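Data file: protein.csv. Format and content: CSV, C-alpha atoms and all ligand atoms.
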chain,number,residue,atom,x,y,z
B,118,MET,CA,-30.6,1.5,-109.8
B,119,ILE,CA,-33.7,-0.8,-110.0
B,120,ALA,CA,-33.2,-3.6,-112.5
B,121,PRO,CA,-36.0,-3.9,-115.1
B,122,PHE,CA,-38.8,-6.3,-114.1
B,123,GLN,CA,-42.4,-7.3,-115.0
B,124,ILE,CA,-45.4,-8.1,-112.9
B,125,ALA,CA,-48.5,-10.0,-114.0
B,126,SER,CA,-51.2,-8.6,-111.8
B,127,GLY,CA,-53.7,-11.5,-112.2
B,128,PRO,CA,-57.4,-11.4,-111.3
B,129,ARG,CA,-59.2,-8.5,-109.8
B,130,VAL,CA,-59.3,-9.2,-106.0
B,131,ARG,CA,-62.4,-8.5,-104.0
B,132,PHE,CA,-61.3,-8.8,-100.3
B,133,GLY,CA,-63.2,-8.6,-97.1
B,134,ARG,CA,-65.5,-10.3,-94.6
B,135,GLY,CA,-68.8,-11.0,-96.1
B,136,GLU,CA,-67.7,-10.5,-99.7
B,137,ALA,CA,-68.4,-14.2,-100.7
B,138,ALA,CA,-72.0,-13.2,-100.8
B,139,PHE,CA,-71.2,-11.1,-103.9
B,140,ALA,CA,-69.7,-13.9,-105.9
B,141,GLY,CA,-73.1,-14.4,-107.6
B,142,GLU,CA,-73.3,-10.8,-108.6
B,143,GLU,CA,-69.7,-11.0,-110.0
B,144,ALA,CA,-70.6,-14.2,-111.9
B,145,ARG,CA,-73.7,-12.5,-113.4
B,146,ALA,CA,-71.7,-9.4,-114.3
B,147,LEU,CA,-69.2,-11.6,-116.2
B,148,GLY,CA,-72.0,-13.1,-118.2
B,149,ILE,CA,-72.2,-16.5,-116.5
B,150,LYS,CA,-75.7,-17.9,-116.5
B,151,ARG,CA,-75.1,-21.3,-114.8
B,152,PRO,CA,-71.9,-21.7,-112.9
B,153,MET,CA,-70.4,-25.0,-111.7
B,154,ILE,CA,-69.1,-24.8,-108.2
B,155,ILE,CA,-66.0,-27.0,-107.9
B,156,THR,CA,-65.2,-28.0,-104.4
B,157,ASP,CA,-64.5,-31.0,-102.1
B,158,ALA,CA,-66.9,-33.0,-100.0
B,159,GLY,CA,-65.6,-31.7,-96.7
B,160,VAL,CA,-66.0,-28.0,-97.7
B,161,ALA,CA,-69.4,-28.7,-99.2
B,162,SER,CA,-70.8,-30.4,-96.1
B,163,CYS,CA,-69.4,-28.2,-93.4
B,164,GLY,CA,-71.5,-25.2,-94.3
B,165,ALA,CA,-68.6,-23.0,-95.5
B,166,LEU,CA,-70.2,-22.4,-98.8
B,167,GLY,CA,-73.5,-21.0,-97.4
B,168,PRO,CA,-72.7,-17.4,-98.1
B,169,LEU,CA,-71.6,-18.2,-101.6
B,170,THR,CA,-74.7,-20.3,-102.6
B,171,ARG,CA,-77.1,-17.8,-101.0
B,172,GLY,CA,-75.4,-15.1,-103.0
B,173,LEU,CA,-75.8,-17.1,-106.2
B,174,GLU,CA,-79.5,-17.6,-105.5
B,175,LYS,CA,-79.9,-13.9,-104.7
B,176,ALA,CA,-78.3,-13.1,-108.1
B,177,GLY,CA,-80.9,-15.4,-109.7
B,178,LEU,CA,-78.3,-18.0,-110.9
B,179,ASP,CA,-79.0,-21.7,-111.0
B,180,PHE,CA,-75.8,-23.7,-110.3
B,181,HIS,CA,-74.4,-27.2,-110.3
B,182,LEU,CA,-72.4,-28.3,-107.3
B,183,TYR,CA,-69.4,-30.6,-108.0
B,184,ASP,CA,-68.0,-31.7,-104.7
B,185,GLN,CA,-65.7,-34.6,-105.9
B,186,VAL,CA,-62.3,-32.9,-105.7
B,187,GLU,CA,-59.7,-35.0,-104.1
B,188,ALA,CA,-56.6,-34.0,-102.1
B,189,ASP,CA,-53.5,-33.8,-104.3
B,190,PRO,CA,-55.7,-34.0,-107.3
B,191,SER,CA,-54.7,-36.4,-110.1
B,192,ASP,CA,-55.0,-36.0,-113.8
B,193,GLU,CA,-57.8,-38.5,-113.7
B,194,SER,CA,-59.8,-36.5,-111.1
B,195,MET,CA,-59.3,-33.3,-113.2
B,196,ALA,CA,-60.6,-35.2,-116.3
B,197,ARG,CA,-63.7,-36.2,-114.3
B,198,ALA,CA,-64.4,-32.6,-113.3
B,199,ARG,CA,-64.2,-31.7,-117.0
B,200,LYS,CA,-66.6,-34.4,-118.0
B,201,THR,CA,-69.1,-33.3,-115.4
B,202,PHE,CA,-68.8,-29.7,-116.6
B,203,GLU,CA,-69.5,-30.7,-120.2
B,204,GLY,CA,-72.6,-32.6,-119.2
B,205,SER,CA,-74.0,-30.0,-116.8
B,206,GLY,CA,-75.0,-27.2,-119.0
B,207,CYS,CA,-72.8,-24.9,-117.1
B,208,ASP,CA,-71.0,-21.9,-118.7
B,209,GLY,CA,-68.6,-20.8,-116.0
B,210,ILE,CA,-66.7,-22.1,-113.0
B,211,ILE,CA,-66.6,-21.0,-109.4
B,212,ALA,CA,-63.7,-22.7,-107.6
B,213,ALA,CA,-64.5,-22.7,-103.9
B,214,GLY,CA,-62.1,-24.4,-101.5
B,215,GLY,CA,-58.4,-24.9,-100.9
B,216,GLY,CA,-55.6,-25.3,-103.4
B,217,SER,CA,-56.9,-28.8,-104.6
B,218,SER,CA,-60.3,-27.4,-105.6
B,219,ILE,CA,-58.9,-24.3,-107.2
B,220,ASP,CA,-56.2,-26.3,-109.1
B,221,THR,CA,-58.8,-28.8,-110.2
B,222,ALA,CA,-61.0,-26.0,-111.5
B,223,LYS,CA,-58.2,-24.5,-113.5
B,224,ALA,CA,-57.1,-27.8,-115.0
B,225,ALA,CA,-60.7,-28.8,-115.8
B,226,GLY,CA,-61.1,-25.4,-117.4
B,227,VAL,CA,-58.0,-25.9,-119.5
B,228,LEU,CA,-59.5,-29.2,-120.8
B,229,VAL,CA,-62.9,-27.7,-121.4
B,230,GLY,CA,-61.4,-24.8,-123.4
B,231,ASN,CA,-58.8,-26.8,-125.3
B,232,GLY,CA,-59.6,-30.5,-125.4
B,233,GLY,CA,-56.9,-33.2,-125.2
B,234,LYS,CA,-55.3,-34.6,-122.1
B,235,ILE,CA,-54.0,-32.7,-119.1
B,236,HIS,CA,-50.3,-33.7,-119.7
B,237,ASP,CA,-50.5,-31.9,-123.1
B,238,TYR,CA,-50.4,-28.7,-121.0
B,239,TYR,CA,-47.6,-29.4,-118.5
B,240,GLY,CA,-45.0,-26.7,-118.2
B,241,PHE,CA,-45.1,-23.0,-118.8
B,242,GLY,CA,-47.1,-21.3,-121.5
B,243,ASN,CA,-48.4,-24.4,-123.2
B,244,VAL,CA,-52.2,-23.6,-122.9
B,245,PRO,CA,-53.2,-22.3,-126.4
B,246,GLY,CA,-56.7,-21.1,-125.7
B,247,PRO,CA,-59.0,-19.6,-123.0
B,248,LEU,CA,-60.8,-21.4,-120.2
B,249,PRO,CA,-64.5,-20.9,-119.3
B,250,THR,CA,-64.9,-17.8,-117.1
B,251,LEU,CA,-63.4,-18.6,-113.7
B,252,ILE,CA,-64.0,-17.0,-110.3
B,253,THR,CA,-62.0,-18.2,-107.3
B,254,VAL,CA,-63.2,-18.2,-103.7
B,255,PRO,CA,-60.6,-19.6,-101.3
B,256,THR,CA,-61.9,-21.2,-98.0
B,257,THR,CA,-58.3,-21.7,-96.7
B,258,ALA,CA,-55.4,-19.2,-96.3
B,259,GLY,CA,-52.3,-20.7,-97.7
B,260,THR,CA,-52.3,-21.8,-101.2
B,261,GLY,CA,-52.6,-18.4,-102.9
B,262,SER,CA,-54.0,-20.4,-105.9
B,263,GLU,CA,-56.9,-17.9,-106.2
B,264,VAL,CA,-54.5,-15.3,-107.7
B,265,THR,CA,-51.9,-17.6,-109.4
B,266,CYS,CA,-51.9,-18.7,-113.0
B,267,SER,CA,-50.8,-22.3,-112.3
B,268,ALA,CA,-52.1,-25.6,-111.1
B,269,ILE,CA,-50.3,-28.6,-109.6
B,270,VAL,CA,-51.3,-32.0,-111.1
B,271,THR,CA,-50.5,-35.3,-109.5
B,272,ASP,CA,-49.7,-37.4,-112.6
B,273,SER,CA,-51.0,-40.9,-112.1
B,274,ILE,CA,-48.7,-42.5,-114.6
B,275,GLN,CA,-45.4,-40.7,-114.0
B,276,LYS,CA,-45.9,-40.4,-110.2
B,277,ILE,CA,-44.9,-36.8,-110.1
B,278,LYS,CA,-46.5,-33.5,-109.3
B,279,ALA,CA,-46.4,-31.6,-112.5
B,280,VAL,CA,-46.9,-27.8,-112.8
B,281,MET,CA,-49.0,-26.3,-115.6
B,282,ALA,CA,-49.0,-22.5,-115.9
B,283,SER,CA,-50.2,-20.0,-118.4
B,284,PRO,CA,-51.5,-16.4,-118.2
B,285,LEU,CA,-54.7,-17.8,-119.6
B,286,MET,CA,-55.2,-19.7,-116.3
B,287,PHE,CA,-55.8,-16.6,-114.2
B,288,ALA,CA,-59.3,-16.2,-112.7
B,289,ARG,CA,-61.2,-13.2,-113.7
B,290,VAL,CA,-62.1,-12.3,-110.1
B,291,ALA,CA,-60.8,-13.7,-106.8
B,292,VAL,CA,-63.2,-13.2,-103.9
B,293,VAL,CA,-61.2,-13.5,-100.7
B,294,ASP,CA,-63.5,-13.6,-97.7
B,295,PRO,CA,-61.7,-14.2,-94.3
B,296,GLU,CA,-65.0,-15.1,-92.8
B,297,LEU,CA,-65.0,-18.4,-94.8
B,298,LEU,CA,-61.9,-19.5,-92.8
B,299,SER,CA,-64.0,-19.6,-89.6
B,300,LEU,CA,-64.8,-23.3,-89.8
B,301,MET,CA,-61.3,-24.5,-90.6
B,302,PRO,CA,-60.1,-27.4,-88.4
B,303,THR,CA,-56.9,-26.5,-86.5
B,304,PRO,CA,-54.5,-28.8,-88.3
B,305,ILE,CA,-55.6,-27.4,-91.7
B,306,ALA,CA,-55.4,-23.8,-90.4
B,307,ALA,CA,-51.8,-24.6,-89.2
B,308,GLY,CA,-50.7,-26.4,-92.3
B,309,THR,CA,-52.1,-24.0,-94.8
B,310,LEU,CA,-50.6,-20.9,-93.1
B,311,MET,CA,-47.2,-22.7,-93.3
B,312,ASP,CA,-47.7,-23.0,-97.0
B,313,ALA,CA,-48.3,-19.2,-97.2
B,314,LEU,CA,-45.2,-18.5,-95.1
B,315,THR,CA,-43.1,-20.8,-97.4
B,316,HIS,CA,-44.5,-19.1,-100.5
B,317,ALA,CA,-43.5,-15.7,-99.0
B,318,ILE,CA,-40.0,-16.7,-98.0
B,319,GLU,CA,-39.3,-18.7,-101.2
B,320,SER,CA,-40.6,-15.9,-103.4
B,321,MET,CA,-38.6,-13.2,-101.5
B,322,THR,CA,-35.4,-15.2,-101.9
B,323,SER,CA,-36.2,-16.3,-105.5
B,324,ARG,CA,-33.6,-15.5,-108.2
B,325,LYS,CA,-36.5,-13.8,-109.9
B,326,ALA,CA,-37.5,-11.6,-106.9
B,327,ASN,CA,-37.9,-7.9,-107.6
B,328,PRO,CA,-38.7,-4.8,-105.4
B,329,TRP,CA,-42.4,-5.2,-106.0
B,330,THR,CA,-42.6,-8.8,-104.8
B,331,ARG,CA,-40.0,-8.4,-102.1
B,332,ASN,CA,-42.0,-5.7,-100.4
B,333,LEU,CA,-45.2,-7.6,-100.5
B,334,CYS,CA,-43.5,-10.8,-99.3
B,335,LEU,CA,-42.0,-8.8,-96.3
B,336,GLN,CA,-45.5,-7.6,-95.4
B,337,ALA,CA,-46.9,-11.2,-95.8
B,338,ILE,CA,-44.2,-12.5,-93.5
B,339,ALA,CA,-44.9,-9.8,-91.0
B,340,ASN,CA,-48.6,-10.6,-90.9
B,341,ILE,CA,-47.9,-14.3,-90.4
B,342,GLY,CA,-45.2,-13.7,-87.7
B,343,GLN,CA,-47.6,-11.4,-85.8
B,344,TYR,CA,-50.9,-13.4,-86.2
B,345,ALA,CA,-50.2,-17.1,-86.9
B,346,ARG,CA,-50.5,-18.3,-83.3
B,347,ARG,CA,-53.8,-16.4,-82.7
B,348,PHE,CA,-55.2,-17.6,-86.1
B,349,VAL,CA,-54.6,-21.2,-85.3
B,350,GLU,CA,-56.1,-20.8,-81.9
B,351,ASN,CA,-59.3,-19.4,-83.4
B,352,PRO,CA,-59.7,-19.1,-87.2
B,353,ALA,CA,-63.0,-17.3,-86.6
B,354,ASP,CA,-61.4,-14.3,-84.9
B,355,PRO,CA,-61.6,-11.5,-87.5
B,356,GLU,CA,-58.3,-9.7,-86.9
B,357,PRO,CA,-55.9,-12.7,-87.3
B,358,ALA,CA,-58.1,-14.3,-90.0
B,359,GLY,CA,-58.0,-11.0,-92.1
B,360,ALA,CA,-54.2,-10.7,-91.6
B,361,ILE,CA,-53.4,-14.3,-92.6
B,362,SER,CA,-55.8,-14.3,-95.5
B,363,LEU,CA,-54.2,-11.2,-96.9
B,364,ALA,CA,-50.8,-12.6,-96.4
B,365,SER,CA,-51.7,-15.8,-98.3
B,366,THR,CA,-53.1,-13.9,-101.2
B,367,TRP,CA,-50.1,-11.5,-101.3
B,368,ALA,CA,-47.7,-14.5,-101.3
B,369,GLY,CA,-49.6,-16.2,-104.1
B,370,HIS,CA,-49.5,-13.0,-106.2
B,371,CYS,CA,-45.7,-12.8,-105.6
B,372,PHE,CA,-44.8,-16.4,-106.3
B,373,THR,CA,-46.8,-16.5,-109.5
B,374,ASN,CA,-44.4,-13.8,-110.7
B,375,THR,CA,-41.1,-15.2,-109.1
B,376,SER,CA,-41.7,-18.9,-108.8
B,377,LEU,CA,-40.6,-20.7,-105.7
B,378,GLY,CA,-37.6,-22.6,-104.3
B,379,ILE,CA,-36.6,-26.1,-103.3
B,380,VAL,CA,-38.9,-26.5,-100.3
B,381,HIS,CA,-41.5,-27.0,-102.9
B,382,SER,CA,-39.2,-29.2,-105.0
B,383,LEU,CA,-39.0,-31.6,-102.0
B,384,SER,CA,-42.6,-31.2,-100.8
B,385,HIS,CA,-44.1,-32.3,-104.1
B,386,PRO,CA,-42.6,-35.9,-104.2
B,387,ILE,CA,-43.3,-36.4,-100.5
B,388,GLY,CA,-46.9,-35.5,-101.3
B,389,VAL,CA,-47.0,-38.0,-104.2
B,390,TYR,CA,-45.4,-40.9,-102.3
B,391,HIS,CA,-46.6,-40.3,-98.7
B,392,HIS,CA,-49.6,-38.0,-99.0
B,393,ILE,CA,-48.4,-35.7,-96.3
B,394,HIS,CA,-50.4,-32.4,-96.3
B,395,HIS,CA,-48.6,-29.9,-98.5
B,396,GLY,CA,-48.4,-27.2,-95.9
B,397,THR,CA,-47.1,-29.7,-93.3
B,398,SER,CA,-44.3,-30.9,-95.6
B,399,ASN,CA,-43.4,-27.3,-96.3
B,400,ALA,CA,-43.1,-26.7,-92.6
B,401,ILE,CA,-40.8,-29.7,-92.3
B,402,PHE,CA,-38.5,-28.8,-95.1
B,403,LEU,CA,-38.4,-25.0,-94.6
B,404,PRO,CA,-35.8,-24.9,-91.8
B,405,PRO,CA,-33.3,-27.3,-93.4
B,406,VAL,CA,-33.7,-25.5,-96.8
B,407,MET,CA,-33.2,-22.1,-95.1
B,408,ARG,CA,-30.0,-23.5,-93.6
B,409,PHE,CA,-28.9,-24.7,-97.0
B,410,ASN,CA,-29.6,-21.3,-98.6
B,411,LEU,CA,-28.3,-19.3,-95.7
B,412,GLN,CA,-25.0,-17.9,-97.0
B,413,ALA,CA,-26.6,-16.7,-100.3
B,414,VAL,CA,-29.4,-14.8,-98.6
B,415,ARG,CA,-28.2,-13.7,-95.2
B,416,GLY,CA,-29.4,-10.2,-95.8
B,417,ASP,CA,-33.0,-11.4,-96.5
B,418,TYR,CA,-33.1,-13.6,-93.5
B,419,ALA,CA,-31.7,-10.8,-91.3
B,420,GLN,CA,-34.6,-8.6,-92.5
B,421,ILE,CA,-37.3,-11.2,-91.8
B,422,ALA,CA,-35.9,-12.3,-88.4
B,423,PRO,CA,-37.6,-9.7,-86.3
B,424,LEU,CA,-40.9,-10.2,-88.2
B,425,LEU,CA,-40.9,-13.9,-87.5
B,426,GLN,CA,-40.1,-13.7,-83.8
B,427,ASN,CA,-42.9,-14.7,-81.5
B,428,PRO,CA,-44.8,-11.5,-80.7
B,429,SER,CA,-44.6,-12.4,-77.0
B,430,GLU,CA,-40.8,-12.3,-77.0
B,431,ALA,CA,-39.6,-9.1,-75.4
B,432,ASP,CA,-36.1,-9.2,-76.9
B,433,ARG,CA,-36.3,-8.2,-80.5
B,434,VAL,CA,-33.4,-9.1,-82.8
B,435,ASP,CA,-31.7,-6.3,-84.6
B,436,PRO,CA,-31.4,-7.1,-88.4
B,437,ARG,CA,-27.8,-5.8,-88.2
B,438,ASP,CA,-26.8,-8.4,-85.7
B,439,GLU,CA,-24.5,-11.2,-86.9
B,440,SER,CA,-27.0,-13.7,-85.4
B,441,ALA,CA,-30.1,-12.3,-87.1
B,442,PRO,CA,-30.2,-14.7,-90.1
B,443,GLN,CA,-30.1,-17.7,-87.8
B,444,VAL,CA,-32.8,-16.2,-85.6
B,445,ALA,CA,-35.1,-16.3,-88.7
B,446,ILE,CA,-34.5,-20.0,-89.0
B,447,ASN,CA,-35.0,-20.6,-85.3
B,448,SER,CA,-38.2,-18.6,-85.3
B,449,VAL,CA,-39.6,-20.8,-88.1
B,450,ARG,CA,-38.9,-23.8,-86.0
B,451,SER,CA,-40.6,-22.2,-82.9
B,452,LEU,CA,-43.6,-21.3,-85.0
B,453,VAL,CA,-44.0,-24.9,-86.3
B,454,ARG,CA,-43.8,-26.2,-82.7
B,455,ASP,CA,-46.2,-23.6,-81.4
B,456,ILE,CA,-48.9,-24.3,-83.9
B,457,GLY,CA,-48.7,-28.0,-83.3
B,458,ILE,CA,-47.8,-29.6,-86.7
B,459,SER,CA,-45.2,-32.2,-87.5
B,460,ALA,CA,-41.7,-30.8,-87.5
B,461,THR,CA,-39.9,-33.8,-89.0
B,462,LEU,CA,-40.7,-36.5,-91.6
B,463,ARG,CA,-40.6,-39.1,-88.8
B,464,GLU,CA,-43.2,-37.1,-86.8
B,465,ALA,CA,-45.3,-37.1,-89.9
B,466,GLY,CA,-45.2,-40.9,-90.0
B,467,ILE,CA,-42.3,-41.7,-92.4
B,468,THR,CA,-40.3,-44.4,-90.7
B,469,SER,CA,-37.6,-45.3,-93.2
B,470,GLU,CA,-35.5,-43.7,-96.0
B,471,GLU,CA,-37.1,-46.1,-98.5
B,472,GLY,CA,-37.7,-44.2,-101.8
B,473,PHE,CA,-35.6,-41.2,-100.8
B,474,GLU,CA,-33.3,-41.7,-103.9
B,475,THR,CA,-36.3,-41.5,-106.2
B,476,MET,CA,-37.7,-38.5,-104.5
B,477,ALA,CA,-34.3,-36.7,-104.5
B,478,LYS,CA,-34.1,-37.4,-108.3
B,479,ASP,CA,-37.6,-36.0,-108.9
B,480,ALA,CA,-36.9,-33.0,-106.7
B,481,ALA,CA,-33.7,-32.2,-108.6
B,482,LYS,CA,-35.6,-32.1,-111.8
B,483,SER,CA,-38.3,-29.7,-110.6
B,484,PRO,CA,-38.6,-26.2,-112.1
B,485,GLN,CA,-38.2,-24.6,-108.7
B,486,VAL,CA,-34.5,-25.5,-108.7
B,487,LEU,CA,-34.0,-22.8,-111.3
B,488,THR,CA,-35.2,-20.0,-109.0
B,489,ASN,CA,-33.8,-21.3,-105.7
B,490,PRO,CA,-31.0,-18.9,-104.5
B,491,VAL,CA,-28.5,-21.8,-104.3
B,492,HIS,CA,-28.2,-24.5,-107.0
B,493,ALA,CA,-29.3,-27.9,-105.5
B,494,THR,CA,-28.1,-31.2,-107.0
B,495,GLU,CA,-29.7,-34.6,-106.5
B,496,GLU,CA,-27.2,-35.3,-103.7
B,497,ASP,CA,-28.2,-32.1,-102.0
B,498,MET,CA,-31.8,-33.1,-102.2
B,499,LEU,CA,-31.0,-36.5,-100.7
B,500,SER,CA,-29.1,-34.8,-97.8
B,501,LEU,CA,-32.1,-32.4,-97.2
B,502,LEU,CA,-34.5,-35.4,-97.1
B,503,ARG,CA,-32.3,-37.1,-94.5
B,504,ALA,CA,-32.0,-33.8,-92.5
B,505,ALA,CA,-35.8,-33.5,-92.5
B,506,MET,CA,-36.1,-37.0,-91.2
B,507,ASN,CA,-35.2,-36.1,-87.6
B,508,GLY,CA,-35.0,-32.3,-87.7
B,601,FE,FE,-47.2,-24.3,-101.8
I need this file expressed as structure tokens, please.
Amino acid sequence: MIAPFQIASGPRVRFGRGEAAFAGEEARALGIKRPMIITDAGVASCGALGPLTRGLEKAGLDFHLYDQVEADPSDESMARARKTFEGSGCDGIIAAGGGSSIDTAKAAGVLVGNGGKIHDYYGFGNVPGPLPTLITVPTTAGTGSEVTCSAIVTDSIQKIKAVMASPLMFARVAVVDPELLSLMPTPIAAGTLMDALTHAIESMTSRKANPWTRNLCLQAIANIGQYARRFVENPADPEPAGAISLASTWAGHCFTNTSLGIVHSLSHPIGVYHHIHHGTSNAIFLPPVMRFNLQAVRGDYAQIAPLLQNPSEADRVDPRDESAPQVAINSVRSLVRDIGISATLREAGITSEEGFETMAKDAAKSPQVLTNPVHATEEDMLSLLRAAMNG
């Protein structure tokens, strides 16, 4: 029998190559007269936003471009985006970029709609009123933030990554256009897809997983297993870009319903203290965390093992084999190596264990501990940090 479950379906998704050109039409249909585009300087200057801005012009919409989003956005940077919005005469937001841009847009929107300070809204369900109308247009494939109702804030005082989540933070429309991935630099393509893979695996094995999310996660993992290497080689190639883009959005939809696991608990403090790219730190922590969780989710890992094997391997593992769960972990390691990102904290530039105790403490207090399949203590987090040091 299927146990009862609920799904928040999130924004309407408009998916396909060339669809970014219709974001202007969507904005106008939603009653936006002057949108503020929230993005970062890199995305704004590389030409990735051309289809979006041309679409806005075609729809007859004047817009304000805010390109000051920072990586791992702080509460202060989100407050600056809010201030700009309030002085710009804008009446809606188009978040265009990676997770940092989309999270900044959501948080700035919460502040515009509700006043106060960003830390007033940390946690789940603490946003009392609506945001300005929000459209999301991802230019990376990994974060899934375009379809989630949460944002991650780097708190400048407490030195933590805080989660704020509310059904009111869903965008109205997510325009997912794989063509926008064409200009992604290889390290970003590799890092972000590892974020998507981590979302899919952590959502599938979450204590809150259900048949709806499990099936979508399986398909997301299959897409990544099949296309990750080709995507990193050439993000402009339509077939892999479409498959990875879809996987990322599916995984985002799933984890906004199930939450995540302790790869994210560990990645967040590493991001705060060492500024390692979120997808790269996920890639580093995923194999040791999978090993930590192994006994509780052997069946899940056995199922994903053949999906994650390198497509060029002739010998496919049978999910019924005793070795299948371990093959899943080994296949994640091979993928990380093949797409050329750091596999250990040391490779990512961390040379000592200084600060590990603080980070273990922060990780153990994170909300993702509650949905990880195995309970992790502060000591476990410390061991996992040490295991990730040298792989
Ligand atoms: Fe993530």
Stretch 334-338 of chain B: which residues within 9 Å, counting only C-alpha atoms, same-chain residues fewer than 3 positions away excluded, as a compact mmCIF listing (two decimals) with C-alpha atoms, keeping the file's coordinate frame?
# COMPACT_ATOMS: atom_id res chain seq x y z
CA ALA B 313 -48.30 -19.20 -97.20
CA LEU B 314 -45.20 -18.50 -95.10
CA HIS B 316 -44.50 -19.10 -100.50
CA ALA B 317 -43.50 -15.70 -99.00
CA ILE B 318 -40.00 -16.70 -98.00
CA SER B 320 -40.60 -15.90 -103.40
CA MET B 321 -38.60 -13.20 -101.50
CA TRP B 329 -42.40 -5.20 -106.00
CA THR B 330 -42.60 -8.80 -104.80
CA ARG B 331 -40.00 -8.40 -102.10
CA ILE B 341 -47.90 -14.30 -90.40
CA GLY B 342 -45.20 -13.70 -87.70
CA GLN B 343 -47.60 -11.40 -85.80
CA ALA B 360 -54.20 -10.70 -91.60
CA ILE B 361 -53.40 -14.30 -92.60
CA LEU B 363 -54.20 -11.20 -96.90
CA ALA B 364 -50.80 -12.60 -96.40
CA SER B 365 -51.70 -15.80 -98.30
CA THR B 366 -53.10 -13.90 -101.20
CA TRP B 367 -50.10 -11.50 -101.30
CA ALA B 368 -47.70 -14.50 -101.30
CA CYS B 371 -45.70 -12.80 -105.60
CA GLN B 420 -34.60 -8.60 -92.50
CA ILE B 421 -37.30 -11.20 -91.80
CA LEU B 424 -40.90 -10.20 -88.20
CA LEU B 425 -40.90 -13.90 -87.50
Mind listing the residues within 9 Å of ligand FE 601 (chain B), only C-alpha atoms and all ligand atoms counted, as number ranges by chain? B: 216, 259-262, 309, 311-313, 315-316, 369, 377, 380-381, 384-385, 395-396, 399
Output as a tab-separated table one row per residue of stretch 238-270 of chain B within 7 Å of stretch 277-290 of chain B: the closest atom pair and its distance in Å to one decimal place, counting only C-alpha atoms, sorted by chain and residue number ascending.
residue	atom	partner	partner_atom	distance
B:Tyr238	CA	B:Met281	CA	6.1
B:Tyr239	CA	B:Met281	CA	4.5
B:Gly240	CA	B:Met281	CA	4.8
B:Phe241	CA	B:Ala282	CA	4.9
B:Gly242	CA	B:Ser283	CA	4.6
B:Asn243	CA	B:Ser283	CA	6.8
B:Val244	CA	B:Ser283	CA	6.1
B:Pro247	CA	B:Leu285	CA	5.8
B:Thr250	CA	B:Arg289	CA	6.8
B:Leu251	CA	B:Ala288	CA	4.9
B:Ile252	CA	B:Val290	CA	5.1
B:Thr253	CA	B:Ala288	CA	6.4
B:Val264	CA	B:Phe287	CA	6.8
B:Thr265	CA	B:Phe287	CA	6.3
B:Cys266	CA	B:Phe287	CA	4.6
B:Ser267	CA	B:Ala282	CA	4.0
B:Ala268	CA	B:Met281	CA	5.5
B:Ile269	CA	B:Val280	CA	4.7
B:Val270	CA	B:Ala279	CA	5.1
Please, what distance in Å, to one decimal, runs between atom CA of B:Ile446 and atom CA of B:Pro355?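 Computed distance, atom CA of B:Ile446 to atom CA of B:Pro355, equals 28.4 Å.
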Could you please give me, as a list in words, the residues of protein, DNA or RNA lying at most 10 Å from (-71.5, -21.7, -103.4) in the coordinate frame of the file, considering all atoms listed in the file? Ala137, Ala138, Ala140, Gly141, Pro152, Met153, Ile154, Ile155, Thr156, Ala161, Gly164, Ala165, Leu166, Gly167, Pro168, Leu169, Thr170, Arg171, Gly172, Leu173, Glu174, Phe180, His181, Leu182, Ile211, Ala212, Ala213, Gly214 and Val254 of chain B
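The space separating atom CA of B:Glu474 from atom CA of B:Arg454 comes to 28.3 Å.
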Neighbouring residues of B:Ala353 were defined as those with any atom within 10 Å, considering only C-alpha atoms; residues of the same chain fewer than 4 positions away were excluded. Please report them as a JSON list (two decimals) with C-alpha atoms, in the frame of the given file.
[["chain", "number", "residue", "atom", "x", "y", "z"],
["B", 295, "PRO", "CA", -61.70, -14.20, -94.30],
["B", 296, "GLU", "CA", -65.00, -15.10, -92.80],
["B", 297, "LEU", "CA", -65.00, -18.40, -94.80],
["B", 298, "LEU", "CA", -61.90, -19.50, -92.80],
["B", 299, "SER", "CA", -64.00, -19.60, -89.60],
["B", 300, "LEU", "CA", -64.80, -23.30, -89.80],
["B", 301, "MET", "CA", -61.30, -24.50, -90.60],
["B", 348, "PHE", "CA", -55.20, -17.60, -86.10],
["B", 349, "VAL", "CA", -54.60, -21.20, -85.30],
["B", 357, "PRO", "CA", -55.90, -12.70, -87.30],
["B", 358, "ALA", "CA", -58.10, -14.30, -90.00],
["B", 359, "GLY", "CA", -58.00, -11.00, -92.10]]
Which one is closest to B:Thr397: B:Glu495, B:Asp294, B:Glu464, B:Glu439? Count all atoms listed in the file. B:Glu464
Work out how far apart atom CA of B:Lys276 and atom CA of B:Glu203 are and give it in Å to one decimal.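 Those two atoms sit 27.4 Å apart.
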May I have the residues within 12 Å of B:Phe409 as a list in words, using only C-alpha atoms and disregarding those fewer than 4 positions away in the same chain?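 Counting only C-alpha atoms, the residues come to Gly378, Ile379, Val380, Phe402, Leu403, Pro404, Pro405, Ala413, Val414, Arg415, Gln443, Ile446, Asn489, Pro490, Val491, His492, Ala493, Thr494, Asp497, Met498, Ser500, Leu501 and Ala504 of chain B.
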Rank nothing, just name the residue among B:Thr461, B:Thr488, B:Asn340, B:Asn427 nearest to B:Arg324, using all atoms listed in the file.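 Selected residue with least distance to B:Arg324: B:Thr488.
Proximity ranking of B:Leu228, B:Ala307, B:Thr468, B:Pro249 relative to B:Lys200 places B:Leu228 first, based on only C-alpha atoms.
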Residue contacts of B:Pro428 (12 Å, all atoms listed in the file) excluding same-chain residues fewer than 2 positions away, as a PyMOL selection string: chain B and resi 339-347+422-426+430-434+448+451-452
